[in-house]
Amino acid sequence: MHIPVLTIDGPAGAGKGSIACMLADKLGWHLLDSGAIYRVAALAALRRSLSLHDEAALTAMISKLNIEFKNGEAWLDGQKVTADIRNEACASATSQIAVLPNVRAALLQLQRNFRQLPGLIADGRDMGTVVFPDATHKFYLTASAEIRAERRLKQLSEQGLSAKLCDLIQDINARDERDSNRPVAPLKPADDAVVIDTSPLTQAEVFAEVLRHIS
Ligand code: C5P
């Protein structure tokens, strides 16, 4: 049976996560936050003090992990890790292990298992290019590094956390560089993706634009 998938790819902070949630709510479809899967794997590596370059050890570790998502929470081997995977150190470690082809291969089926009726909204970097190349609709959201860093700063301050804008811009640029230049599944729009530059748009405008394309 063909199960519809709508993919949303793009760099960190382009607004993919919020738009994906809004779409999943509106359509009543399942949601895959593929970045969270990579983040849980990176957290497990950090906790075991594994080298982030040791592809064989990382792949062996991943094959034994129990990664689950229940009611919006991420679980690693039966322990809730939702907050632990969201800091910048984990994000940076994540983009380092995500360059390794065998790490990506080890996480592929876990992501594809989310494709269940009535449909799936998949958010990530390679959803439309690698994980679900036959997706029904593909979107690629982007925005300038400065705008993305400003959004992240606002998000952090809403959580009572502080950060420097210049540090956030540096982190975002380093992550973009690694995600875009890796040989396997690099960050890029699928040939058949609708590309939306969200820099000048509000969240409601981006959502309306996506809905206009799928209606
Ligand atoms: O989307 P999020 O910021 O949570 O992703 C964290 C990191 O995980 C990204 O910077 C990227 O290196 C990696 N990732 C990936 N492929 C995906 C999703 C995330 O390589 N589909």
# chains A, B, ... in the order shown; residues from 1 in each chain; ligands from 1

$ closest_atom_pairs --of "chain A" --to "ligand 1" --cutoff "8 Å" --atoms "only C-alpha atoms and all ligand atoms" --output "CSV"
residue,atom,partner,partner_atom_place_in_ligand_line,distance
A:Asp9,CA,ligand 1,21 (N),7.7
A:Pro11,CA,ligand 1,10 (O),7.3
A:Ala12,CA,ligand 1,3 (O),4.8
A:Gly13,CA,ligand 1,3 (O),7.3
A:Gly17,CA,ligand 1,1 (O),7.6
A:Asp33,CA,ligand 1,1 (O),7.2
A:Ser34,CA,ligand 1,18 (C),4.7
A:Gly35,CA,ligand 1,19 (C),3.5
A:Ala36,CA,ligand 1,4 (O),5.2
A:Ile37,CA,ligand 1,18 (C),7.6
A:Tyr38,CA,ligand 1,8 (O),5.2
A:Arg39,CA,ligand 1,6 (C),6.0
A:Arg86,CA,ligand 1,4 (O),7.7
A:Ala91,CA,ligand 1,6 (C),5.3
A:Ser92,CA,ligand 1,10 (O),7.1
A:Thr94,CA,ligand 1,7 (C),5.1
A:Ser95,CA,ligand 1,12 (O),3.2
A:Gln96,CA,ligand 1,12 (O),6.7
A:Ile97,CA,ligand 1,12 (O),7.5
A:Ala98,CA,ligand 1,20 (O),4.6
A:Val99,CA,ligand 1,20 (O),6.9
A:Arg104,CA,ligand 1,20 (O),7.7
A:Asp123,CA,ligand 1,21 (N),7.0
A:Gly124,CA,ligand 1,21 (N),3.8
A:Arg125,CA,ligand 1,21 (N),4.1
A:Asp126,CA,ligand 1,21 (N),4.9
A:Met127,CA,ligand 1,21 (N),5.9
A:Arg175,CA,ligand 1,10 (O),5.5
A:Asp176,CA,ligand 1,10 (O),7.0
A:Arg178,CA,ligand 1,12 (O),7.1
A:Asp179,CA,ligand 1,12 (O),5.2
A:Ala185,CA,ligand 1,20 (O),7.5
A:Pro186,CA,ligand 1,20 (O),7.6
A:Leu187,CA,ligand 1,20 (O),7.7

$ select_by_dssp --residues "range 57-163 of chain A" --states "alpha helix (DSSP H)" --output "PyMOL selection string"
chain A and resi 57-64+88-97+101-112+145-158

$ closest_residue --among "A:Ala122, A:Leu31, A:Leu165, A:Ala149" --to "Phe69 in chain A" --atoms "only C-alpha atoms"
A:Leu31

$ select_by_dssp --residues "chain A" --states "strand (DSSP E or B)" --output "PyMOL selection string"
chain A and resi 5-9+30-33+67-70+73-76+79-80+120-124+137-142+194-197

$ closest_residue --among "A:Leu32, A:Pro200, A:Asn181, A:Leu161" --to "Arg112 in chain A" --atoms "only C-alpha atoms"
A:Leu32

$ atom_distance --atom1 "CA of Val130 in chain A" --atom2 "CA of Val184 in chain A"
9.4 Å

$ atom_distance --atom1 "CA of Asp25 in chain A" --atom2 "CA of Gly160 in chain A"
27.3 Å

$ atom_distance --atom1 "CA of Ile67 in chain A" --atom2 "CA of Thr129 in chain A"
23.5 Å

$ residues_around --residues "Thr82 in chain A" --least-positions-apart "5" --cutoff "8 Å" --atoms "only C-alpha atoms" --output "number ranges by chain"
A: 73-75

$ residues_around --residues "Ala190 in chain A" --least-positions-apart "4" --cutoff "8 Å" --atoms "only C-alpha atoms" --output "list in words"
Gly128, Thr129, Lys138 and Tyr140 of chain A

$ closest_residue --among "A:Leu76, A:Leu108, A:Ala145, A:Ala208" --to "Phe132 in chain A" --atoms "only C-alpha atoms"
A:Leu108

$ residues_around --residues "Ser49 in chain A" --least-positions-apart "5" --cutoff "12 Å" --atoms "only C-alpha atoms" --output "PDB file with N, CA, C and O atoms, in the first residue's frame"
ATOM      1  N   ALA A  42      24.282  10.558  18.874  1.00  0.00           N
ATOM      2  CA  ALA A  42      25.473  11.336  19.276  1.00  0.00           C
ATOM      3  C   ALA A  42      25.581  11.423  20.796  1.00  0.00           C
ATOM      4  O   ALA A  42      26.677  11.301  21.365  1.00  0.00           O
ATOM      5  N   LEU A  43      24.429  11.588  21.463  1.00  0.00           N
ATOM      6  CA  LEU A  43      24.440  11.644  22.933  1.00  0.00           C
ATOM      7  C   LEU A  43      24.984  10.334  23.504  1.00  0.00           C
ATOM      8  O   LEU A  43      25.806  10.348  24.436  1.00  0.00           O
ATOM      9  N   ALA A  44      24.549   9.218  22.922  1.00  0.00           N
ATOM     10  CA  ALA A  44      25.025   7.915  23.404  1.00  0.00           C
ATOM     11  C   ALA A  44      26.541   7.824  23.229  1.00  0.00           C
ATOM     12  O   ALA A  44      27.248   7.315  24.112  1.00  0.00           O
ATOM     13  N   ASP A  54      35.365   7.538  15.105  1.00  0.00           N
ATOM     14  CA  ASP A  54      35.560   6.092  15.045  1.00  0.00           C
ATOM     15  C   ASP A  54      34.289   5.426  14.485  1.00  0.00           C
ATOM     16  O   ASP A  54      33.395   4.997  15.225  1.00  0.00           O
ATOM     17  N   ALA A  57      33.305   1.808  15.702  1.00  0.00           N
ATOM     18  CA  ALA A  57      32.799   1.745  17.088  1.00  0.00           C
ATOM     19  C   ALA A  57      31.424   2.401  17.182  1.00  0.00           C
ATOM     20  O   ALA A  57      30.523   1.887  17.869  1.00  0.00           O
ATOM     21  N   LEU A  58      31.240   3.515  16.469  1.00  0.00           N
ATOM     22  CA  LEU A  58      29.951   4.213  16.524  1.00  0.00           C
ATOM     23  C   LEU A  58      28.848   3.348  15.913  1.00  0.00           C
ATOM     24  O   LEU A  58      27.750   3.230  16.455  1.00  0.00           O
ATOM     25  N   MET A  61      27.975   0.536  18.206  1.00  0.00           N
ATOM     26  CA  MET A  61      27.187   1.049  19.342  1.00  0.00           C
ATOM     27  C   MET A  61      25.726   1.266  18.915  1.00  0.00           C
ATOM     28  O   MET A  61      24.790   0.850  19.619  1.00  0.00           O
ATOM     29  N   ALA A  93      28.292  17.569  18.040  1.00  0.00           N
ATOM     30  CA  ALA A  93      28.710  16.155  17.971  1.00  0.00           C
ATOM     31  C   ALA A  93      27.869  15.419  16.938  1.00  0.00           C
ATOM     32  O   ALA A  93      28.370  14.578  16.179  1.00  0.00           O
TER      33      ALA A  93
END

$ decode --residues "range 47-76 of chain A" --atoms "N, CA and C atoms" --output "short mmCIF file (atom, residue, chain, number, x, y, z; two decimals), in the first residue's frame"
data_model
loop_
_atom_site.label_atom_id
_atom_site.label_comp_id
_atom_site.auth_asym_id
_atom_site.auth_seq_id
_atom_site.Cartn_x
_atom_site.Cartn_y
_atom_site.Cartn_z
N ARG A 47 28.23 10.00 25.88
CA ARG A 47 28.15 9.38 27.21
C ARG A 47 29.12 8.22 27.36
N ARG A 48 29.44 7.58 26.24
CA ARG A 48 30.39 6.45 26.30
C ARG A 48 31.82 6.91 26.01
N SER A 49 31.99 8.24 25.83
CA SER A 49 33.31 8.83 25.48
C SER A 49 33.92 8.17 24.25
N LEU A 50 33.07 7.84 23.27
CA LEU A 50 33.61 7.29 22.02
C LEU A 50 34.17 8.41 21.18
N SER A 51 35.18 8.09 20.37
CA SER A 51 35.67 9.10 19.43
C SER A 51 34.59 9.34 18.39
N LEU A 52 34.36 10.65 18.05
CA LEU A 52 33.31 10.97 17.09
C LEU A 52 33.76 10.67 15.66
N HIS A 53 35.00 10.16 15.52
CA HIS A 53 35.51 9.80 14.19
C HIS A 53 35.62 8.29 14.02
N ASP A 54 35.37 7.54 15.10
CA ASP A 54 35.56 6.09 15.04
C ASP A 54 34.29 5.43 14.49
N GLU A 55 34.25 5.36 13.16
CA GLU A 55 33.04 4.91 12.48
C GLU A 55 32.63 3.49 12.90
N ALA A 56 33.61 2.59 13.01
CA ALA A 56 33.28 1.20 13.35
C ALA A 56 32.68 1.11 14.75
N ALA A 57 33.30 1.81 15.70
CA ALA A 57 32.80 1.74 17.09
C ALA A 57 31.42 2.40 17.18
N LEU A 58 31.24 3.52 16.47
CA LEU A 58 29.95 4.21 16.52
C LEU A 58 28.85 3.35 15.91
N THR A 59 29.17 2.71 14.79
CA THR A 59 28.17 1.88 14.11
C THR A 59 27.79 0.68 14.97
N ALA A 60 28.80 0.07 15.59
CA ALA A 60 28.52 -1.08 16.47
C ALA A 60 27.66 -0.63 17.65
N MET A 61 27.98 0.54 18.21
CA MET A 61 27.19 1.05 19.34
C MET A 61 25.73 1.27 18.91
N ILE A 62 25.53 1.90 17.74
CA ILE A 62 24.17 2.23 17.27
C ILE A 62 23.33 0.97 17.10
N SER A 63 23.98 -0.11 16.62
CA SER A 63 23.19 -1.33 16.37
C SER A 63 22.63 -1.91 17.67
N LYS A 64 23.19 -1.49 18.81
CA LYS A 64 22.70 -2.04 20.10
C LYS A 64 21.78 -1.06 20.85
N LEU A 65 21.63 0.15 20.31
CA LEU A 65 20.85 1.15 21.04
C LEU A 65 19.36 0.90 20.90
N ASN A 66 18.62 1.30 21.93
CA ASN A 66 17.17 1.28 21.84
C ASN A 66 16.70 2.74 21.84
N ILE A 67 16.42 3.26 20.61
CA ILE A 67 16.00 4.66 20.47
C ILE A 67 14.49 4.67 20.23
N GLU A 68 13.77 5.42 21.07
CA GLU A 68 12.31 5.47 20.92
C GLU A 68 11.80 6.91 21.07
N PHE A 69 10.64 7.16 20.45
CA PHE A 69 9.97 8.46 20.59
C PHE A 69 8.54 8.18 21.01
N LYS A 70 8.18 8.71 22.21
CA LYS A 70 6.81 8.48 22.70
C LYS A 70 6.26 9.79 23.24
N ASN A 71 5.09 10.18 22.79
CA ASN A 71 4.42 11.41 23.26
C ASN A 71 5.35 12.62 23.24
N GLY A 72 6.07 12.78 22.15
CA GLY A 72 6.92 13.96 22.00
C GLY A 72 8.23 13.90 22.79
N GLU A 73 8.50 12.77 23.44
CA GLU A 73 9.74 12.65 24.22
C GLU A 73 10.69 11.66 23.54
N ALA A 74 12.01 11.94 23.64
CA ALA A 74 13.01 11.02 23.08
C ALA A 74 13.55 10.14 24.21
N TRP A 75 13.71 8.85 23.92
CA TRP A 75 14.17 7.89 24.94
C TRP A 75 15.39 7.15 24.41
N LEU A 76 16.38 7.00 25.26
CA LEU A 76 17.57 6.23 24.92
C LEU A 76 17.70 5.12 25.97
#
